[in-house]
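K.L.:
One structure is given below, represented as structure tokens, and several questions about it will come after.
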Amino acid sequence: MEESVVNRGQSGLRAKVLDAGLCTGCGACIDICPYFRTYRGKTSALFPCIVEEGRCFAWCPKVEVNLDELSNRIFGGPYDGLPLGSLKSLKASKAGPEAGSISDAQAGGTVSALVTFALKQGYIKGAVLTDREGLLPLPRYVDSVDDILRCASSKYTAAPTLSAVNRAVAEGRRDIGLVGTPCQVLASALMRSNQLQRDDFVDPFGLVVGLFCTWAVDYRLFEPFIAARISPERVKKIDIPPPPAEIMEIFGEDGTRMECSLEEIRPLVPEGCAYCIDMTSEFSDISVGVMEGRPEMNTLIVRTDRGERIVDEAVSAGFLEISDMPPDNLEHLTWAAGNKKKRALLRARERGIINSGGGKEPSYLLMNAEVLTRLTEEERGR
Amino acid sequence: MSHVTVDTSEGSTVLLMGNEAIVRGALEAGVNVASGYPGTPSSEIVETFSKVASERRLYVEWSVNEKVALEVAAAASFARLRSLCAMKQNGVNVASDFLLHLVGSGTRGGIVLVSCDDPGALSSVNEGESRYFARLMEMPLLEPGDFQEAKDMTKWAFDLSEELKQIVMLRSVTRMSHASGNVTFGALPDQPAKKAEFKFDGFILDPDEGVVISAPVEWKHQQQQEKVKKAREMFETSPFNTYSGPERPELLLITSSACNLYSREALKLLGVEDRVGLLKLGTTWPLPPKLLGKHLASTDKVLIVEEVIPFLEENVKILAAELASEIGTKTFYGKNDGLIPMTGEMNPDLVIEALKSILNLDYRAVPQEYEQTAQLSAFTGAPPRDQVFCPGCPHRASFFSIHNAIELDGRKGFVCGDIGCYSMAIRPTGFGVLKTLHAMGSGAGVASGFGQLGRFGMDQPVLAVCGDSTFYHAVIPALVNAVHNRANITLVVLDNSGTAMTGFQPHPGLDHNVLGEEVPAVDIAKVCRGIGARVEIRDPFDVEETRRTINELMDDPEGVKVLILRQACALSPQRKYVKNYSMKVDEELCLGEECGCGRFCTRIFRCPGLIWNKDKGKALIDEVICVGCGVCADICPQKAIRREEVAS
Ligand SMILES: Cc1cc2nc3c(=O)[nH]c(=O)nc-3n(C[C@H](O)[C@H](O)[C@H](O)COP(=O)(O)OP(=O)(O)OC[C@H]3O[C@@H](n4cnc5c(N)ncnc54)[C@H](O)[C@@H]3O)c2cc1C
Ligand code: SF4
Ligand code: SF4
Ligand code: SF4
Ligand code: SF4
């Protein structure tokens, strides 16, 4: 049922995101009120809310995301649609000797090393990371190195990570470190930009580390898929080696290795990922991905001043090792990121959810029309 | 001691509730055994018996269900004692299988089945008619038309039963059972300890000393029908059938039960007592044909006034057809021509309307203008009210958790329910989780069926709820069925330590009975485990743990799961007047209608102990109503509702 006045609270969010199949369960709307909750990877509204304009809507990365406004807020300039976002530097990296043994790291352990360093140096007082129980992603606020290491490795299931930020903030925590996928990082940028112009606003984040992401999987579909092959409790690690492998690898606690083709996995991806334009967490302080061809290394993008400072200090302190990025890798990364943007924008435009509604009906993305044209028309060869 | 026995002297007049009058009648008849299952409007009967049990040397029990209650009463009759069994209308359905066989076998000591019907479903989820059972089961039916008759007729019903060697049904209605009137007492017999003895070694067909069975069926059935004929003969001269009015009335009004009172009032208000004759019947099945024939012959027009289904109307019409050659044809008014509604309760106004239209009268009880003003102000002035659970009711907390678990689960799970206070979970007070609602125990049975439909592609989780008393009454067979047939369901037993809806009658789960004696309690968890279900027990006031458990049970893909939510009813003897916590809203913290809350406590949780202070935009505890259960402290997102332990 369409409402006469556009609701920018729960019912708007329900209509434009949850019922529209765009939710990727990031957790931004969860645990800020009695209504939105997550269970087994699914976000639900328990009861109808009467608030006309609320944080659930303001923070959701899938509705009314004004890219220029956000870019101005975080980077001091408009959104120009560069494939890798606004960046200061781009390097190859891995954890340094001082970071301790990050044996369970997904790739080079850059993320865990940076979070450890930021905690030790007091840039952050704790961090919101994503642990798991079986295959169920488990967002946690942690404030010890042991716990940071326990949360290492990628959980390919879409996770309600930001719910742990909301809980931590409610407990009065500030200077929080966050590690998140691009949609989560986008929500964190919305949280940081005081969308509702509240007087009591504070930016709770001390550092935002973004992960690269092409897509995630829906826990409710992924769990039975894996359980049919190996008991979820016995999974030690899951990896998606960079292209052109086209496989997912599953490692068991007992040293077994299984692989399945990505063809089988793609149907488990939530619909919302198809409209996601961000591969490299463009609104982070620092973004980290796997380096193509060098699975023990990371790709590191530094975006903000504070990101730059922390990376530089981590390198000097021996927590991080960096080297130059081979030009071929850079070229391919840029192509892949641009391609994700283009595909998603074409789909979203076709569905009429970009710059739509003339400001009355909330749309998914608001962006400069020229940038949109450039991004959707430009031919990108390999 | 109770006021039904406080004054034992013959001839004294006491104000009694209809149900108490029934008890007094049974006591005057020297009843020995009383049984029943609680159900409004019948519950006071067994309760009143229990209060005088020791002084009158009675055995009184709340049985596990109506069928067993009737079996218990029947056993007393077989042993030549007098017994009475009380239940509400739909209880007769439960007892009916046994009843069918009982009327076949016949009875010995006087036995009376009291059914209290609830026209208008004031306290029911049906408007069931028990009168039809009398015709269906071929047994006599009596209906008292006032409070004195309630007593006198009950007393006589025992004699009738012994004379016929057949069970007699006495039917009351809410307005008869629960209203009060003056009753003049008869003598209470000196109760010599009657010796119970069951004789069975006489000739097989001997009604007093043979075996008590309904076979050989055809022979016994003939015997049974002879009893009906005999009853019909006796009813011809029964003092409970009365006539008042002119010898040749313009209109004959035939009625029974509480409608007798409404009809009298209507005739009086209209001032037509000299034009309309009133035939009040107390013996409504089988109808005495000679008596009816005499009165039908005296007029051309007949109005039948009764509640719900036209039972009396049909039976009178059949007689009129049979007697047509003697009495001529009549014009009938009643339910079949739509003059009197076929649902809901009757009242004097409805009778007045019917009489007005037949007699072409002009009458207004209240001036038209007044009526319009009254209607308008009722419509605009009275706030809309919904049925709600009591403050501190554990059901609110239980359904909150069930609702949340279902929503989180997200597979469109639903709850099948049955009869109890918890039926209200079909309404917002129970967050609307109940999606089917039928008879006692039906939630579990219907769920057992839904639990098989996975094979046809149904992927919705199936839940059922039942109360603790209902569990013993009718859930156990359904649970056995579900376990044995591998249904995938979650049954939530809302164990509030008593038959709360009808006033805390003890049930088999408790360690005392209606007489206050210590008895072995039958443990629900052990029963369920014995049947083979997975069983968990939680405190519903721990809403988060309860919710988590329900989700876990719904996720369990195999078999029958039982969750017992144990917390005494807010009105139970152990919780009433006991405040565990003193609750307070911290106005500094309360978010009210702002983002982060949206008036969650008063808009969604809606315990009547929570009120909304519109001026301040903050929630408030109504300290008079709040019973201090403390649950709202856990549902407030701001922890703005504080509980403070009350020193005991
Ligand atoms: C869903 C998903 C998809 C990804 N897709 C790509 C890709 O296409 N290309 C690419 O180069 N890299 C991708 N990555 C990133 C990559 O897997 C590594 O996480 C990244 O390279 C960092 O490696 P590391 O060794 O430094 O991480 P680690 O030191 O092992 O630290 C990993 C961190 O990731 C966090 N984390 C794990 N799972 C999640 C989750 N579901 N949501 C939020 N945070 C989580 C943990 O809290 C932990 O702190 C993806 C990651 C995820 C979670
Ligand atoms: S209270 Fe606020 S955050 Fe919660 S549903 Fe309502 S508008 Fe959204
Ligand atoms: S995408 Fe995130 S914020 Fe938006 S509805 Fe889903 S969980 Fe909530
Ligand atoms: S593809 Fe985009 S929407 Fe999907 S999980 Fe990754 S960042 Fe989130
Ligand atoms: S007391 Fe709590 S739940 Fe009630 S309005 Fe205030 S903040 Fe909301």
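Letters A, B, ... go to the chains of the structure tokens in the order shown; residues in each chain start at 1; ligands are counted from 1 in the same order.
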Within 7 Å of ligand 2 (counting only C-alpha atoms and all ligand atoms), which residues show up? I'd like them as a list in words.
P.N.:
Gly9, Gln10, Cys29, Ile32, Cys33, Pro34, Tyr35, Phe36, Cys49, Ile50, Val51, Glu52, Glu53, Gly54, Arg55, Cys56 and Phe57 of chain A; Glu594, Cys595, Gly596, Cys597 and Gly598 of chain B
K.L.:
Could you pull the residues within 6 Å of stretch 156-169 of chain A, counting only C-alpha atoms, minus those fewer than 4 positions along the same chain, as a list in words?
P.N.:
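After dropping sequence-adjacent residues, the list is Gly25, Cys26, Gly27, Ala28, Ile30, Asp31, Pro137, Pro139, Arg140, Arg173, Ala216, Val217, Asp218 and Tyr219 of chain A.
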K.L.:
Which one is closest to chain B: A:Met367, A:Ala45, A:Ala20, A:Ala95? Count only C-alpha atoms.
P.N.:
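Going through A:Met367, A:Ala45, A:Ala20, A:Ala95 one by one, the smallest distance to chain B is for A:Ala45.
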K.L.:
Using only C-alpha atoms, which residues sit within 7 Å of A:Glu282 once same-chain residues fewer than 5 positions away are excluded, as a PyMOL selection string?
P.N.:
chain A and resi 84-86
K.L.:
With a distance cut-off of 6 Å and only C-alpha atoms, select the neighbouring residues of B:Ala570, excluding the residue or stretch itself and same-chain residues fewer than 2 positions from it, and output the selection as a list in words.
P.N.:
Gly392, Cys393, Ser572 and Arg575 of chain B
K.L.:
Could the residues in this selection be written to a file with all heavy atoms, as an mmCIF file, in the first residue's frame?
P.N.:
data_model
loop_
_atom_site.group_PDB
_atom_site.id
_atom_site.type_symbol
_atom_site.label_atom_id
_atom_site.label_comp_id
_atom_site.auth_asym_id
_atom_site.auth_seq_id
_atom_site.Cartn_x
_atom_site.Cartn_y
_atom_site.Cartn_z
ATOM 1 N N GLY B 392 0.278 -7.885 33.587
ATOM 2 C CA GLY B 392 1.117 -8.940 34.162
ATOM 3 C C GLY B 392 0.766 -10.334 33.708
ATOM 4 O O GLY B 392 1.294 -11.315 34.227
ATOM 5 N N CYS B 393 -0.130 -10.443 32.731
ATOM 6 C CA CYS B 393 -0.511 -11.782 32.264
ATOM 7 C C CYS B 393 0.672 -12.445 31.568
ATOM 8 O O CYS B 393 1.266 -11.857 30.669
ATOM 9 C CB CYS B 393 -1.681 -11.670 31.291
ATOM 10 S SG CYS B 393 -2.132 -13.245 30.558
ATOM 11 N N SER B 572 -3.923 -15.452 39.697
ATOM 12 C CA SER B 572 -3.933 -16.698 40.460
ATOM 13 C C SER B 572 -3.752 -16.390 41.932
ATOM 14 O O SER B 572 -3.181 -15.359 42.298
ATOM 15 C CB SER B 572 -2.820 -17.610 39.981
ATOM 16 O OG SER B 572 -1.577 -17.002 40.250
ATOM 17 N N ARG B 575 -0.298 -15.270 42.882
ATOM 18 C CA ARG B 575 0.282 -14.013 42.392
ATOM 19 C C ARG B 575 -0.560 -12.783 42.703
ATOM 20 O O ARG B 575 -0.053 -11.670 42.727
ATOM 21 C CB ARG B 575 0.518 -14.099 40.877
ATOM 22 C CG ARG B 575 1.913 -14.621 40.545
ATOM 23 C CD ARG B 575 2.254 -14.437 39.082
ATOM 24 N NE ARG B 575 2.349 -13.049 38.678
ATOM 25 C CZ ARG B 575 2.123 -12.616 37.434
ATOM 26 N NH1 ARG B 575 1.791 -13.464 36.503
ATOM 27 N NH2 ARG B 575 2.233 -11.348 37.140
#
K.L.:
Give me, as a list in words, the set of residues whose atoms come within 6 Å of any atom of ligand 4, counting only C-alpha atoms and all ligand atoms.
P.N.:
Thr24, Ala158, Thr181, Pro182, Cys183, Cys213, Thr214, Trp215, Ala216, Gly272, Cys273 and Cys276 of chain A
K.L.:
Please write the residues from the selection above to a file, keeping N, CA, C and O atoms, as a PDB file, in the first residue's frame.
P.N.:
ATOM      1  N   THR A  24      20.667  -6.497   1.851  1.00  0.00           N
ATOM      2  CA  THR A  24      21.751  -7.466   1.935  1.00  0.00           C
ATOM      3  C   THR A  24      22.142  -7.711   3.394  1.00  0.00           C
ATOM      4  O   THR A  24      23.223  -8.185   3.690  1.00  0.00           O
ATOM      5  N   ALA A 158      26.617 -12.784   3.617  1.00  0.00           N
ATOM      6  CA  ALA A 158      26.279 -11.400   3.958  1.00  0.00           C
ATOM      7  C   ALA A 158      26.009 -11.349   5.453  1.00  0.00           C
ATOM      8  O   ALA A 158      25.320 -12.208   5.992  1.00  0.00           O
ATOM      9  N   THR A 181      32.240  -5.011   4.528  1.00  0.00           N
ATOM     10  CA  THR A 181      32.135  -5.093   3.077  1.00  0.00           C
ATOM     11  C   THR A 181      31.692  -3.718   2.559  1.00  0.00           C
ATOM     12  O   THR A 181      31.245  -2.878   3.340  1.00  0.00           O
ATOM     13  N   PRO A 182      31.721  -3.490   1.252  1.00  0.00           N
ATOM     14  CA  PRO A 182      31.370  -2.170   0.731  1.00  0.00           C
ATOM     15  C   PRO A 182      29.984  -1.675   1.139  1.00  0.00           C
ATOM     16  O   PRO A 182      29.819  -0.488   1.446  1.00  0.00           O
ATOM     17  N   CYS A 183      28.977  -2.560   1.177  1.00  0.00           N
ATOM     18  CA  CYS A 183      27.641  -2.077   1.567  1.00  0.00           C
ATOM     19  C   CYS A 183      27.639  -1.664   3.034  1.00  0.00           C
ATOM     20  O   CYS A 183      26.998  -0.676   3.412  1.00  0.00           O
ATOM     21  N   CYS A 213      34.648  -6.549  -2.483  1.00  0.00           N
ATOM     22  CA  CYS A 213      33.550  -7.523  -2.525  1.00  0.00           C
ATOM     23  C   CYS A 213      32.913  -7.508  -3.903  1.00  0.00           C
ATOM     24  O   CYS A 213      32.603  -6.458  -4.447  1.00  0.00           O
ATOM     25  N   THR A 214      32.713  -8.689  -4.465  1.00  0.00           N
ATOM     26  CA  THR A 214      31.990  -8.812  -5.728  1.00  0.00           C
ATOM     27  C   THR A 214      30.549  -9.218  -5.452  1.00  0.00           C
ATOM     28  O   THR A 214      29.618  -8.732  -6.069  1.00  0.00           O
ATOM     29  N   TRP A 215      30.398 -10.132  -4.528  1.00  0.00           N
ATOM     30  CA  TRP A 215      29.073 -10.504  -4.016  1.00  0.00           C
ATOM     31  C   TRP A 215      29.264 -11.317  -2.747  1.00  0.00           C
ATOM     32  O   TRP A 215      30.355 -11.808  -2.468  1.00  0.00           O
ATOM     33  N   ALA A 216      28.215 -11.448  -1.988  1.00  0.00           N
ATOM     34  CA  ALA A 216      28.209 -12.336  -0.827  1.00  0.00           C
ATOM     35  C   ALA A 216      27.132 -13.387  -1.065  1.00  0.00           C
ATOM     36  O   ALA A 216      26.447 -13.340  -2.091  1.00  0.00           O
ATOM     37  N   GLY A 272      20.046  -8.146  -3.828  1.00  0.00           N
ATOM     38  CA  GLY A 272      20.584  -6.809  -3.578  1.00  0.00           C
ATOM     39  C   GLY A 272      21.991  -6.616  -4.127  1.00  0.00           C
ATOM     40  O   GLY A 272      22.374  -5.509  -4.529  1.00  0.00           O
ATOM     41  N   CYS A 273      22.802  -7.669  -4.151  1.00  0.00           N
ATOM     42  CA  CYS A 273      24.178  -7.554  -4.638  1.00  0.00           C
ATOM     43  C   CYS A 273      24.227  -7.172  -6.115  1.00  0.00           C
ATOM     44  O   CYS A 273      25.186  -6.555  -6.577  1.00  0.00           O
ATOM     45  N   CYS A 276      24.707  -3.511  -6.563  1.00  0.00           N
ATOM     46  CA  CYS A 276      25.780  -2.901  -5.781  1.00  0.00           C
ATOM     47  C   CYS A 276      26.855  -2.354  -6.725  1.00  0.00           C
ATOM     48  O   CYS A 276      27.388  -3.075  -7.562  1.00  0.00           O
TER      49      CYS A 276
END
